[in-house]
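Source file: structure_0.cif; contents: mmCIF, C-alpha atoms and all ligand atoms.
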```cif
data_target
#
loop_
_atom_site.label_atom_id
_atom_site.label_comp_id
_atom_site.auth_asym_id
_atom_site.auth_seq_id
_atom_site.Cartn_x
_atom_site.Cartn_y
_atom_site.Cartn_z
CA MET A 1 -134.98 -55.35 -68.15
CA LYS A 2 -132.62 -56.73 -70.76
CA LEU A 3 -129.00 -55.57 -70.97
CA SER A 4 -126.76 -56.01 -74.01
CA TYR A 5 -123.35 -54.58 -74.90
CA LEU A 6 -121.02 -54.16 -77.84
CA PRO A 7 -117.26 -53.37 -77.90
CA TYR A 8 -116.22 -50.79 -80.50
CA ASP A 9 -113.19 -48.64 -81.46
CA LEU A 10 -113.55 -44.89 -82.03
CA GLN A 11 -111.01 -43.67 -84.60
CA PHE A 12 -109.57 -40.18 -84.13
CA ARG A 13 -109.57 -37.83 -87.13
CA HIS A 14 -106.01 -36.88 -86.14
CA PRO A 15 -103.75 -38.85 -83.75
CA PHE A 16 -104.58 -37.30 -80.39
CA GLY A 17 -101.77 -36.14 -78.12
CA VAL A 18 -101.73 -35.07 -74.48
CA SER A 19 -98.69 -34.48 -72.25
CA SER A 20 -98.29 -38.21 -71.46
CA ASN A 21 -99.13 -40.03 -74.70
CA ILE A 22 -100.41 -39.97 -78.29
CA ARG A 23 -103.13 -42.34 -79.52
CA THR A 24 -105.07 -43.07 -82.72
CA HIS A 25 -108.24 -44.59 -81.28
CA THR A 26 -110.25 -45.05 -78.09
CA PRO A 27 -111.85 -48.38 -77.10
CA VAL A 28 -115.48 -48.04 -76.02
CA VAL A 29 -118.28 -50.39 -74.98
CA TYR A 30 -121.83 -49.48 -75.97
CA VAL A 31 -124.69 -50.75 -73.85
CA SER A 32 -128.40 -51.03 -74.42
CA VAL A 33 -131.05 -51.51 -71.73
CA CYS A 34 -134.39 -52.60 -73.10
CA ILE A 35 -137.94 -52.86 -71.73
CA ASP A 36 -140.89 -53.85 -73.96
CA GLY A 37 -138.91 -53.12 -77.12
CA ILE A 38 -137.87 -49.61 -75.99
CA GLU A 39 -134.08 -49.23 -75.84
CA GLY A 40 -131.89 -46.84 -73.86
CA TYR A 41 -128.30 -46.38 -75.06
CA GLY A 42 -125.12 -45.76 -73.11
CA GLU A 43 -121.38 -45.65 -73.71
CA ALA A 44 -118.25 -46.44 -71.67
CA SER A 45 -115.17 -44.68 -73.04
CA LEU A 46 -111.97 -46.46 -72.02
CA PRO A 47 -108.78 -44.48 -72.72
CA PRO A 48 -105.99 -46.87 -71.59
CA TYR A 49 -104.38 -44.47 -69.06
CA LEU A 50 -107.50 -44.56 -66.88
CA GLY A 51 -107.15 -48.29 -66.20
CA GLU A 52 -110.55 -49.60 -67.25
CA THR A 53 -110.54 -52.05 -70.18
CA ARG A 54 -113.14 -53.64 -72.42
CA GLU A 55 -112.65 -56.88 -70.48
CA SER A 56 -113.22 -55.24 -67.08
CA THR A 57 -116.23 -53.37 -68.48
CA ILE A 58 -117.81 -56.53 -69.89
CA GLN A 59 -117.19 -58.35 -66.60
CA PHE A 60 -118.96 -55.48 -64.81
CA MET A 61 -121.89 -55.69 -67.25
CA LYS A 62 -122.28 -59.38 -66.44
CA ARG A 63 -122.62 -58.47 -62.75
CA ALA A 64 -125.00 -55.59 -63.56
CA GLU A 65 -127.17 -57.96 -65.60
CA MET A 66 -128.12 -59.77 -62.36
CA VAL A 67 -129.30 -56.47 -60.82
CA LEU A 68 -131.17 -55.18 -63.89
CA GLY A 69 -132.90 -58.48 -64.64
CA GLY A 70 -135.23 -57.94 -61.67
CA TYR A 71 -136.68 -54.63 -62.93
CA ASN A 72 -139.59 -53.88 -65.23
CA GLY A 73 -141.02 -50.64 -66.67
CA SER A 74 -141.83 -49.13 -63.26
CA PHE A 75 -138.21 -49.01 -62.04
CA GLU A 76 -137.06 -46.16 -59.80
CA LEU A 77 -134.03 -44.67 -61.55
CA ASN A 78 -132.03 -43.57 -58.48
CA GLU A 79 -132.56 -46.92 -56.77
CA VAL A 80 -131.26 -48.88 -59.78
CA LEU A 81 -128.24 -46.58 -60.15
CA PHE A 82 -127.48 -46.82 -56.42
CA ARG A 83 -127.47 -50.61 -56.66
CA ILE A 84 -125.22 -50.55 -59.73
CA ASP A 85 -122.75 -48.27 -57.91
CA ARG A 86 -122.69 -50.73 -55.00
CA ILE A 87 -121.65 -53.68 -57.21
CA ASP A 88 -117.96 -52.77 -56.85
CA GLU A 89 -115.51 -49.90 -56.27
CA GLY A 90 -114.22 -48.05 -59.37
CA HIS A 91 -115.48 -49.06 -62.84
CA ASN A 92 -116.55 -45.42 -63.32
CA ALA A 93 -116.86 -45.61 -67.13
CA ALA A 94 -118.79 -48.91 -66.99
CA LYS A 95 -121.15 -47.34 -64.43
CA ALA A 96 -121.46 -44.24 -66.63
CA ALA A 97 -122.53 -46.39 -69.61
CA LEU A 98 -125.32 -47.93 -67.54
CA ASP A 99 -126.31 -44.57 -66.03
CA ILE A 100 -126.56 -42.93 -69.49
CA ALA A 101 -128.55 -45.86 -70.88
CA MET A 102 -130.91 -45.85 -67.88
CA HIS A 103 -131.51 -42.10 -68.20
CA ASP A 104 -132.16 -42.49 -71.93
CA LEU A 105 -134.59 -45.33 -71.27
CA ALA A 106 -136.37 -43.49 -68.42
CA GLY A 107 -136.81 -40.43 -70.64
CA LYS A 108 -138.21 -42.54 -73.47
CA LEU A 109 -140.60 -44.41 -71.16
CA GLN A 110 -141.86 -41.13 -69.64
CA GLU A 111 -141.77 -39.38 -73.04
CA LYS A 112 -139.55 -36.59 -71.72
CA PRO A 113 -136.22 -35.25 -72.98
CA LEU A 114 -133.51 -35.92 -70.41
CA TYR A 115 -133.18 -32.25 -69.35
CA GLU A 116 -136.89 -32.20 -68.50
CA LEU A 117 -136.63 -35.52 -66.65
CA LEU A 118 -133.91 -33.86 -64.55
CA GLY A 119 -135.98 -30.73 -63.93
CA LEU A 120 -133.66 -28.53 -66.02
CA GLN A 121 -133.99 -26.08 -68.92
CA LEU A 122 -132.74 -26.77 -72.43
CA GLU A 123 -129.81 -24.46 -73.11
CA GLN A 124 -127.60 -24.06 -76.14
CA LYS A 125 -124.04 -23.05 -75.36
CA HIS A 126 -120.78 -22.68 -77.25
CA THR A 127 -118.27 -25.47 -76.89
CA SER A 128 -114.52 -25.19 -77.25
CA HIS A 129 -112.85 -27.24 -79.98
CA THR A 130 -109.74 -29.25 -79.07
CA ILE A 131 -106.50 -29.12 -81.03
CA GLY A 132 -104.29 -32.06 -79.90
CA ILE A 133 -100.50 -32.07 -79.70
CA GLY A 134 -99.18 -33.85 -82.78
CA ASP A 135 -97.80 -33.08 -86.21
CA GLU A 136 -97.23 -29.31 -86.26
CA LYS A 137 -97.59 -29.28 -90.06
CA LEU A 138 -101.27 -30.11 -89.52
CA LEU A 139 -101.84 -27.18 -87.16
CA ALA A 140 -103.25 -24.80 -89.76
CA GLN A 141 -105.59 -27.54 -91.02
CA LYS A 142 -106.79 -28.39 -87.50
CA ILE A 143 -107.44 -24.71 -86.70
CA ASN A 144 -109.31 -24.33 -89.96
CA GLU A 145 -111.47 -27.38 -89.15
CA ALA A 146 -112.51 -25.51 -85.98
CA HIS A 147 -113.36 -22.25 -87.76
CA ASP A 148 -116.98 -22.29 -86.49
CA PHE A 149 -115.88 -22.48 -82.85
CA PRO A 150 -115.22 -19.30 -80.84
CA VAL A 151 -112.80 -20.94 -78.35
CA LEU A 152 -110.03 -23.47 -78.97
CA LYS A 153 -108.67 -25.93 -76.41
CA ILE A 154 -104.97 -26.69 -76.54
CA LYS A 155 -103.05 -29.47 -74.82
CA LEU A 156 -99.75 -28.30 -73.30
CA GLY A 157 -97.22 -29.90 -70.95
CA GLY A 158 -95.24 -31.44 -73.79
CA GLY A 159 -92.04 -29.44 -73.22
CA ASN A 160 -92.28 -26.85 -76.01
CA ASP A 161 -95.31 -25.01 -74.63
CA LYS A 162 -94.41 -21.40 -75.52
CA LEU A 163 -93.45 -22.49 -79.02
CA MET A 164 -96.79 -24.24 -79.38
CA ILE A 165 -98.74 -21.10 -78.36
CA ASP A 166 -96.57 -18.92 -80.64
CA GLU A 167 -97.33 -21.32 -83.53
CA ILE A 168 -101.06 -21.16 -82.85
CA ARG A 169 -100.95 -17.37 -82.62
CA LYS A 170 -99.58 -17.26 -86.20
CA HIS A 171 -102.96 -18.68 -87.32
CA THR A 172 -105.59 -17.38 -84.89
CA ASP A 173 -106.17 -14.89 -82.06
CA LYS A 174 -109.20 -16.78 -80.66
CA PRO A 175 -109.36 -17.26 -76.88
CA LEU A 176 -107.74 -20.51 -75.73
CA TYR A 177 -108.39 -23.01 -72.96
CA VAL A 178 -105.09 -24.63 -72.01
CA ASP A 179 -104.99 -28.17 -70.58
CA VAL A 180 -101.65 -29.23 -69.11
CA ASN A 181 -102.74 -32.73 -68.02
CA GLN A 182 -100.51 -32.56 -64.87
CA GLY A 183 -97.48 -31.76 -67.05
CA TRP A 184 -95.81 -29.02 -64.92
CA THR A 185 -94.13 -29.68 -61.56
CA ASP A 186 -92.31 -26.45 -60.62
CA GLU A 187 -94.38 -23.92 -58.68
CA LYS A 188 -92.53 -20.82 -59.92
CA PHE A 189 -92.58 -22.07 -63.52
CA VAL A 190 -96.36 -22.59 -63.25
CA LEU A 191 -96.96 -19.03 -62.03
CA ASP A 192 -94.67 -17.57 -64.71
CA MET A 193 -96.41 -19.61 -67.41
CA ILE A 194 -99.87 -18.54 -66.21
CA GLY A 195 -98.81 -14.89 -66.45
CA TRP A 196 -97.31 -15.42 -69.90
CA LEU A 197 -100.42 -17.30 -71.11
CA ALA A 198 -102.75 -14.62 -69.72
CA SER A 199 -100.96 -12.05 -71.92
CA ARG A 200 -101.71 -14.25 -74.97
CA ASN A 201 -105.49 -14.46 -74.64
CA VAL A 202 -105.55 -17.77 -72.78
CA VAL A 203 -108.68 -17.72 -70.59
CA LEU A 204 -108.18 -20.71 -68.27
CA VAL A 205 -105.64 -23.37 -67.33
CA GLU A 206 -106.70 -26.95 -66.65
CA GLN A 207 -104.82 -29.28 -64.27
CA PRO A 208 -101.38 -27.64 -64.47
CA MET A 209 -99.78 -29.86 -61.81
CA PRO A 210 -99.94 -33.52 -60.76
CA VAL A 211 -102.82 -34.58 -58.52
CA ASN A 212 -100.53 -35.00 -55.50
CA MET A 213 -99.32 -31.35 -55.67
CA ILE A 214 -102.48 -29.85 -54.19
CA GLY A 215 -100.38 -27.93 -51.59
CA ALA A 216 -98.62 -26.03 -54.39
CA MET A 217 -101.94 -25.44 -56.16
CA ILE A 218 -103.40 -23.82 -53.03
CA ARG A 219 -100.46 -21.35 -52.98
CA ILE A 220 -100.72 -20.75 -56.74
CA LYS A 221 -104.48 -20.16 -56.75
CA SER A 222 -104.28 -16.92 -54.75
CA GLN A 223 -101.73 -15.45 -57.19
CA SER A 224 -103.06 -16.89 -60.45
CA GLU A 225 -104.11 -14.44 -63.17
CA LEU A 226 -106.27 -17.15 -64.76
CA PRO A 227 -108.98 -19.52 -63.48
CA LEU A 228 -107.51 -22.94 -62.65
CA ILE A 229 -109.71 -25.93 -63.46
CA ALA A 230 -109.32 -29.35 -61.80
CA ASP A 231 -109.62 -32.39 -64.07
CA GLU A 232 -107.53 -35.38 -62.99
CA SER A 233 -107.83 -34.12 -59.35
CA VAL A 234 -111.60 -34.71 -59.31
CA LYS A 235 -113.43 -37.84 -60.33
CA ARG A 236 -116.55 -37.99 -58.19
CA LEU A 237 -118.67 -35.81 -55.93
CA ASN A 238 -116.66 -36.53 -52.77
CA ASP A 239 -113.43 -35.26 -54.38
CA ILE A 240 -114.65 -31.68 -54.89
CA GLU A 241 -114.45 -30.30 -51.37
CA MET A 242 -110.83 -31.45 -50.92
CA ILE A 243 -109.55 -29.50 -53.93
CA SER A 244 -111.75 -26.41 -53.66
CA GLU A 245 -108.92 -24.30 -52.14
CA GLY A 246 -106.53 -25.16 -54.99
CA PHE A 247 -108.77 -24.58 -58.02
CA HIS A 248 -111.40 -22.14 -59.29
CA GLY A 249 -113.48 -24.77 -61.06
CA VAL A 250 -113.97 -28.45 -61.90
CA ASN A 251 -113.98 -30.31 -65.20
CA ILE A 252 -116.89 -32.73 -64.79
CA LYS A 253 -116.94 -35.73 -67.13
CA LEU A 254 -119.48 -38.55 -67.26
CA MET A 255 -116.74 -41.20 -67.48
CA LYS A 256 -115.29 -39.98 -64.17
CA SER A 257 -118.51 -39.14 -62.34
CA THR A 258 -120.17 -42.53 -63.06
CA GLY A 259 -122.78 -40.80 -65.22
CA VAL A 260 -125.43 -38.08 -65.41
CA ARG A 261 -126.92 -38.53 -61.94
CA GLU A 262 -123.68 -37.74 -60.11
CA ALA A 263 -122.47 -35.19 -62.73
CA LYS A 264 -125.57 -33.12 -61.92
CA LEU A 265 -124.88 -33.39 -58.17
CA MET A 266 -121.27 -32.36 -58.82
CA ALA A 267 -122.37 -29.29 -60.80
CA GLU A 268 -124.69 -28.32 -57.93
CA LYS A 269 -121.89 -28.84 -55.38
CA CYS A 270 -119.58 -26.59 -57.44
CA LYS A 271 -122.20 -23.82 -57.49
CA GLU A 272 -122.65 -24.17 -53.74
CA LEU A 273 -118.88 -23.80 -53.16
CA GLY A 274 -118.52 -20.92 -55.63
CA LEU A 275 -116.57 -23.03 -58.11
CA LYS A 276 -116.92 -22.79 -61.90
CA VAL A 277 -118.54 -25.69 -63.74
CA TYR A 278 -116.69 -26.97 -66.79
CA LEU A 279 -118.49 -29.78 -68.65
CA GLY A 280 -115.95 -31.97 -70.43
CA CYS A 281 -115.70 -35.32 -72.17
CA MET A 282 -113.34 -38.20 -72.93
CA GLY A 283 -112.74 -39.57 -76.42
CA GLU A 284 -116.39 -40.53 -76.91
CA SER A 285 -119.21 -40.47 -79.44
CA THR A 286 -122.53 -38.65 -79.63
CA CYS A 287 -124.03 -41.35 -77.37
CA ALA A 288 -122.29 -40.01 -74.24
CA SER A 289 -121.79 -36.36 -75.21
CA ALA A 290 -125.51 -35.90 -75.99
CA ALA A 291 -126.36 -37.08 -72.47
CA MET A 292 -123.97 -34.54 -70.93
CA ALA A 293 -125.39 -31.72 -73.08
CA HIS A 294 -128.70 -32.07 -71.21
CA ILE A 295 -127.11 -30.55 -68.09
CA MET A 296 -125.52 -27.59 -69.93
CA GLN A 297 -127.66 -25.24 -67.87
CA TYR A 298 -124.99 -25.47 -65.13
CA ALA A 299 -121.99 -24.86 -67.37
CA ASP A 300 -119.67 -21.86 -67.18
CA TYR A 301 -117.46 -23.58 -69.78
CA VAL A 302 -118.41 -26.33 -72.24
CA ASP A 303 -115.95 -28.73 -73.89
CA LEU A 304 -118.19 -31.28 -75.58
CA ASP A 305 -116.47 -31.58 -78.94
CA ALA A 306 -115.56 -35.29 -78.76
CA PRO A 307 -117.94 -36.44 -81.53
CA ARG A 308 -116.26 -33.94 -83.90
CA LEU A 309 -112.83 -35.45 -83.28
CA ILE A 310 -113.73 -38.98 -84.49
CA THR A 311 -114.46 -40.40 -87.94
CA ASN A 312 -116.77 -43.33 -87.11
CA ASP A 313 -119.54 -42.01 -84.83
CA MET A 314 -122.34 -44.58 -85.10
CA PHE A 315 -124.75 -42.29 -83.21
CA CYS A 316 -126.61 -39.20 -84.36
CA GLY A 317 -128.60 -36.68 -82.32
CA LEU A 318 -126.17 -33.86 -81.59
CA LYS A 319 -125.42 -30.97 -83.90
CA TYR A 320 -122.84 -28.22 -83.82
CA ILE A 321 -124.14 -24.98 -85.30
CA ASP A 322 -121.92 -21.87 -85.22
CA GLY A 323 -119.92 -23.56 -82.48
CA LYS A 324 -122.98 -24.24 -80.30
CA VAL A 325 -124.02 -27.69 -79.06
CA ILE A 326 -127.58 -28.32 -80.27
CA LEU A 327 -129.66 -31.19 -78.89
CA ARG A 328 -132.68 -32.88 -80.46
CA ASN A 329 -135.73 -32.04 -78.34
CA VAL A 330 -137.01 -35.65 -78.18
CA PRO A 331 -137.53 -38.15 -75.32
CA GLY A 332 -134.35 -39.51 -73.70
CA THR A 333 -130.88 -38.26 -74.58
CA GLY A 334 -131.76 -37.86 -78.27
CA ALA A 335 -128.80 -40.05 -79.29
CA ASN A 336 -129.88 -42.69 -81.76
CA THR A 337 -128.16 -45.44 -83.76
CA ALA A 338 -128.88 -47.97 -86.48
CA MET A 339 -126.29 -50.25 -84.90
CA ASN A 340 -127.43 -53.49 -83.24
CA ILE A 341 -126.15 -53.46 -79.67
MG MG B 1 -108.20 -32.38 -69.02
#
```

What would the structure in this file look like if it were written as structure tokens?
Amino acid sequence: MKLSYLPYDLQFRHPFGVSSNIRTHTPVVYVSVCIDGIEGYGEASLPPYLGETRESTIQFMKRAEMVLGGYNGSFELNEVLFRIDRIDEGHNAAKAALDIAMHDLAGKLQEKPLYELLGLQLEQKHTSHTIGIGDEKLLAQKINEAHDFPVLKIKLGGGNDKLMIDEIRKHTDKPLYVDVNQGWTDEKFVLDMIGWLASRNVVLVEQPMPVNMIGAMIRIKSQSELPLIADESVKRLNDIEMISEGFHGVNIKLMKSTGVREAKLMAEKCKELGLKVYLGCMGESTCASAAMAHIMQYADYVDLDAPRLITNDMFCGLKYIDGKVILRNVPGTGANTAMNI
């Protein structure tokens, strides 16, 4: 099996703000795994605050090359992915890129769409559309760009949260997902804000408090008027049980979970524990988001709008029709590119 990779920069349509920073682009590394001329594609998205870089990702690929080189067309997918995971701790996005590419390749070799390879049904679901914190003068334009989408996702935690919601409510009464990105630290303030948001057609709150405030989250959960979704508090499967008393659901992302294989296990674990499944994404292109869309069957909430927020997506294979995520029903993930990786 031949592995190749290509660094790339995804440019945001609008500078993208969360409670801790604003950025204009996201570095990614695309990978291709190839057997007998058939290529599987994957993507590592590397927002700087998560600590993985293009350099660390490329170093990881060089180590993965030694593992993959020994396999031919009859590889056993779980065995290869297990060995890749064992190369080193961390490197979740780099592992995700390889996992996505391997799933794409396996689907193509077996002539099955990824959902079928995973034993799942193809489902079309609505996704939310994210409006980042940034220039408030652009708010009306950003909301208009999302006119097809029935739910908007808003980033709060920037200090002027009520003002932000009031501004949005001048333009739309659509339901909102609110993501605080760990931006609130006072327990009483959090409960008051949840109540206030619930009265303004907000339907869930994501990661209101820092990861280390799980004790406060456990107290808040029992009184919360809205579902609380863990994002930064959960990366991989083993993190879910520890936070299940403090949240109602989990935002699962391929770049945290190390890819599709573990994302599916995480969704199943959530169902087992009675937690909601929220399928999310990083700043990423169609390459990664298409892979995630194959496990939409599990989703209570979908936030797979990343390809819509960038201007230079070199992959095709995912469509948004009336706010729904629509996959191509072809072997693999359905994400394709004319780019040479
Ligand atoms: Mg989040």

Box along x, y and z, 4 Å on every side, all listed atoms of range 227-231 of chain A inside: centre and edge lengths in Å to one decimal, as JSON.
```
{"center_x": -108.6, "center_y": -26.0, "center_z": -62.9, "size_x": 10.2, "size_y": 20.9, "size_z": 10.3}
```

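Taking all atoms listed in the file into account, ligand MG 1 (chain B) lies nearest to A:Lys256 out of the set A:Lys221, A:Arg23, A:Lys162, A:Lys256.
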
Closest contacts (chain A/ligand MG 1 (chain B), max 6 Å, all atoms listed in the file) as a Markdown table:
```
| residue | atom | partner | partner_atom | distance |
| --- | --- | --- | --- | --- |
| A:Asp179 | CA | B:MG1 | MG | 5.5 |
| A:Asn181 | CA | B:MG1 | MG | 5.6 |
| A:Asp231 | CA | B:MG1 | MG | 5.1 |
```

Which residues come within 8 Å of Lys112 in chain A, counting all atoms listed in the file, excluding same-chain residues fewer than 3 positions away, as a list in words?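 My list of contacting residues is Gly107, Lys108, Leu109, Glu116, Leu117, Val330, Pro331 and Gly332 of chain A.
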
Show me as a VMD selection string the residues that reach within 8 Å of (-124.4, -43.0, -74.2), counting all atoms listed in the file and using the file's own coordinates. chain A and resid 30 to 31 41 to 44 97 100 to 101 285 to 291 335

Mind writing range 303-313 of chain A to a file for me, with all heavy atoms, as a JSON list (two decimals), in the first residue's frame?
```json
[["chain", "number", "residue", "atom", "x", "y", "z"],
["A", 303, "ASP", "N", -23.97, 18.82, 12.77],
["A", 303, "ASP", "CA", -23.32, 20.10, 12.50],
["A", 303, "ASP", "C", -22.16, 19.83, 11.54],
["A", 303, "ASP", "O", -21.00, 19.83, 11.93],
["A", 303, "ASP", "CB", -22.83, 20.72, 13.83],
["A", 303, "ASP", "CG", -22.08, 22.02, 13.60],
["A", 303, "ASP", "OD1", -22.46, 22.77, 12.68],
["A", 303, "ASP", "OD2", -21.10, 22.28, 14.32],
["A", 304, "LEU", "N", -22.50, 19.55, 10.31],
["A", 304, "LEU", "CA", -21.49, 19.20, 9.30],
["A", 304, "LEU", "C", -21.48, 20.24, 8.18],
["A", 304, "LEU", "O", -21.63, 19.92, 7.01],
["A", 304, "LEU", "CB", -21.76, 17.80, 8.73],
["A", 304, "LEU", "CG", -21.59, 16.63, 9.70],
["A", 304, "LEU", "CD1", -21.91, 15.30, 9.02],
["A", 304, "LEU", "CD2", -20.17, 16.59, 10.26],
["A", 305, "ASP", "N", -21.30, 21.49, 8.58],
["A", 305, "ASP", "CA", -21.37, 22.58, 7.59],
["A", 305, "ASP", "C", -20.00, 23.07, 7.15],
["A", 305, "ASP", "O", -19.90, 24.01, 6.37],
["A", 305, "ASP", "CB", -22.17, 23.75, 8.17],
["A", 305, "ASP", "CG", -21.49, 24.33, 9.41],
["A", 305, "ASP", "OD1", -20.65, 23.62, 10.02],
["A", 305, "ASP", "OD2", -21.79, 25.47, 9.78],
["A", 306, "ALA", "N", -18.91, 22.44, 7.66],
["A", 306, "ALA", "CA", -17.57, 22.98, 7.43],
["A", 306, "ALA", "C", -17.27, 23.29, 5.95],
["A", 306, "ALA", "O", -16.73, 24.35, 5.65],
["A", 306, "ALA", "CB", -16.51, 22.05, 8.01],
["A", 307, "PRO", "N", -17.63, 22.39, 5.01],
["A", 307, "PRO", "CA", -17.29, 22.70, 3.62],
["A", 307, "PRO", "C", -17.96, 23.99, 3.11],
["A", 307, "PRO", "O", -17.45, 24.63, 2.21],
["A", 307, "PRO", "CB", -17.83, 21.47, 2.85],
["A", 307, "PRO", "CG", -17.81, 20.37, 3.86],
["A", 307, "PRO", "CD", -18.18, 21.03, 5.16],
["A", 308, "ARG", "N", -19.07, 24.37, 3.72],
["A", 308, "ARG", "CA", -19.76, 25.59, 3.30],
["A", 308, "ARG", "C", -19.07, 26.84, 3.82],
["A", 308, "ARG", "O", -19.36, 27.95, 3.36],
["A", 308, "ARG", "CB", -21.20, 25.58, 3.80],
["A", 308, "ARG", "CG", -22.12, 24.69, 2.98],
["A", 308, "ARG", "CD", -23.55, 24.96, 3.34],
["A", 308, "ARG", "NE", -23.89, 26.36, 3.42],
["A", 308, "ARG", "CZ", -24.45, 27.08, 2.45],
["A", 308, "ARG", "NH1", -24.75, 26.51, 1.31],
["A", 308, "ARG", "NH2", -24.71, 28.35, 2.63],
["A", 309, "LEU", "N", -18.20, 26.70, 4.81],
["A", 309, "LEU", "CA", -17.58, 27.87, 5.44],
["A", 309, "LEU", "C", -16.23, 28.22, 4.83],
["A", 309, "LEU", "O", -15.58, 29.15, 5.25],
["A", 309, "LEU", "CB", -17.42, 27.63, 6.95],
["A", 309, "LEU", "CG", -18.71, 27.24, 7.71],
["A", 309, "LEU", "CD1", -18.40, 27.01, 9.18],
["A", 309, "LEU", "CD2", -19.79, 28.30, 7.56],
["A", 310, "ILE", "N", -15.80, 27.43, 3.81],
["A", 310, "ILE", "CA", -14.49, 27.68, 3.18],
["A", 310, "ILE", "C", -14.67, 28.03, 1.69],
["A", 310, "ILE", "O", -15.72, 27.74, 1.11],
["A", 310, "ILE", "CB", -13.54, 26.47, 3.32],
["A", 310, "ILE", "CG1", -14.18, 25.20, 2.75],
["A", 310, "ILE", "CG2", -13.15, 26.27, 4.78],
["A", 310, "ILE", "CD1", -13.25, 24.00, 2.71],
["A", 311, "THR", "N", -13.63, 28.66, 1.13],
["A", 311, "THR", "CA", -13.74, 29.10, -0.27],
["A", 311, "THR", "C", -12.94, 28.24, -1.24],
["A", 311, "THR", "O", -13.05, 28.41, -2.45],
["A", 311, "THR", "CB", -13.23, 30.56, -0.42],
["A", 311, "THR", "OG1", -11.88, 30.60, 0.06],
["A", 311, "THR", "CG2", -14.10, 31.52, 0.36],
["A", 312, "ASN", "N", -12.08, 27.36, -0.72],
["A", 312, "ASN", "CA", -11.19, 26.60, -1.62],
["A", 312, "ASN", "C", -11.24, 25.09, -1.35],
["A", 312, "ASN", "O", -10.21, 24.46, -1.12],
["A", 312, "ASN", "CB", -9.75, 27.13, -1.54],
["A", 312, "ASN", "CG", -9.20, 27.05, -0.12],
["A", 312, "ASN", "OD1", -9.94, 26.93, 0.85],
["A", 312, "ASN", "ND2", -7.89, 27.11, 0.00],
["A", 313, "ASP", "N", -12.46, 24.54, -1.33],
["A", 313, "ASP", "CA", -12.64, 23.10, -1.14],
["A", 313, "ASP", "C", -12.23, 22.39, -2.43],
["A", 313, "ASP", "O", -12.85, 22.56, -3.47],
["A", 313, "ASP", "CB", -14.11, 22.82, -0.82],
["A", 313, "ASP", "CG", -14.35, 21.40, -0.32],
["A", 313, "ASP", "OD1", -13.46, 20.55, -0.50],
["A", 313, "ASP", "OD2", -15.43, 21.15, 0.25]]
```
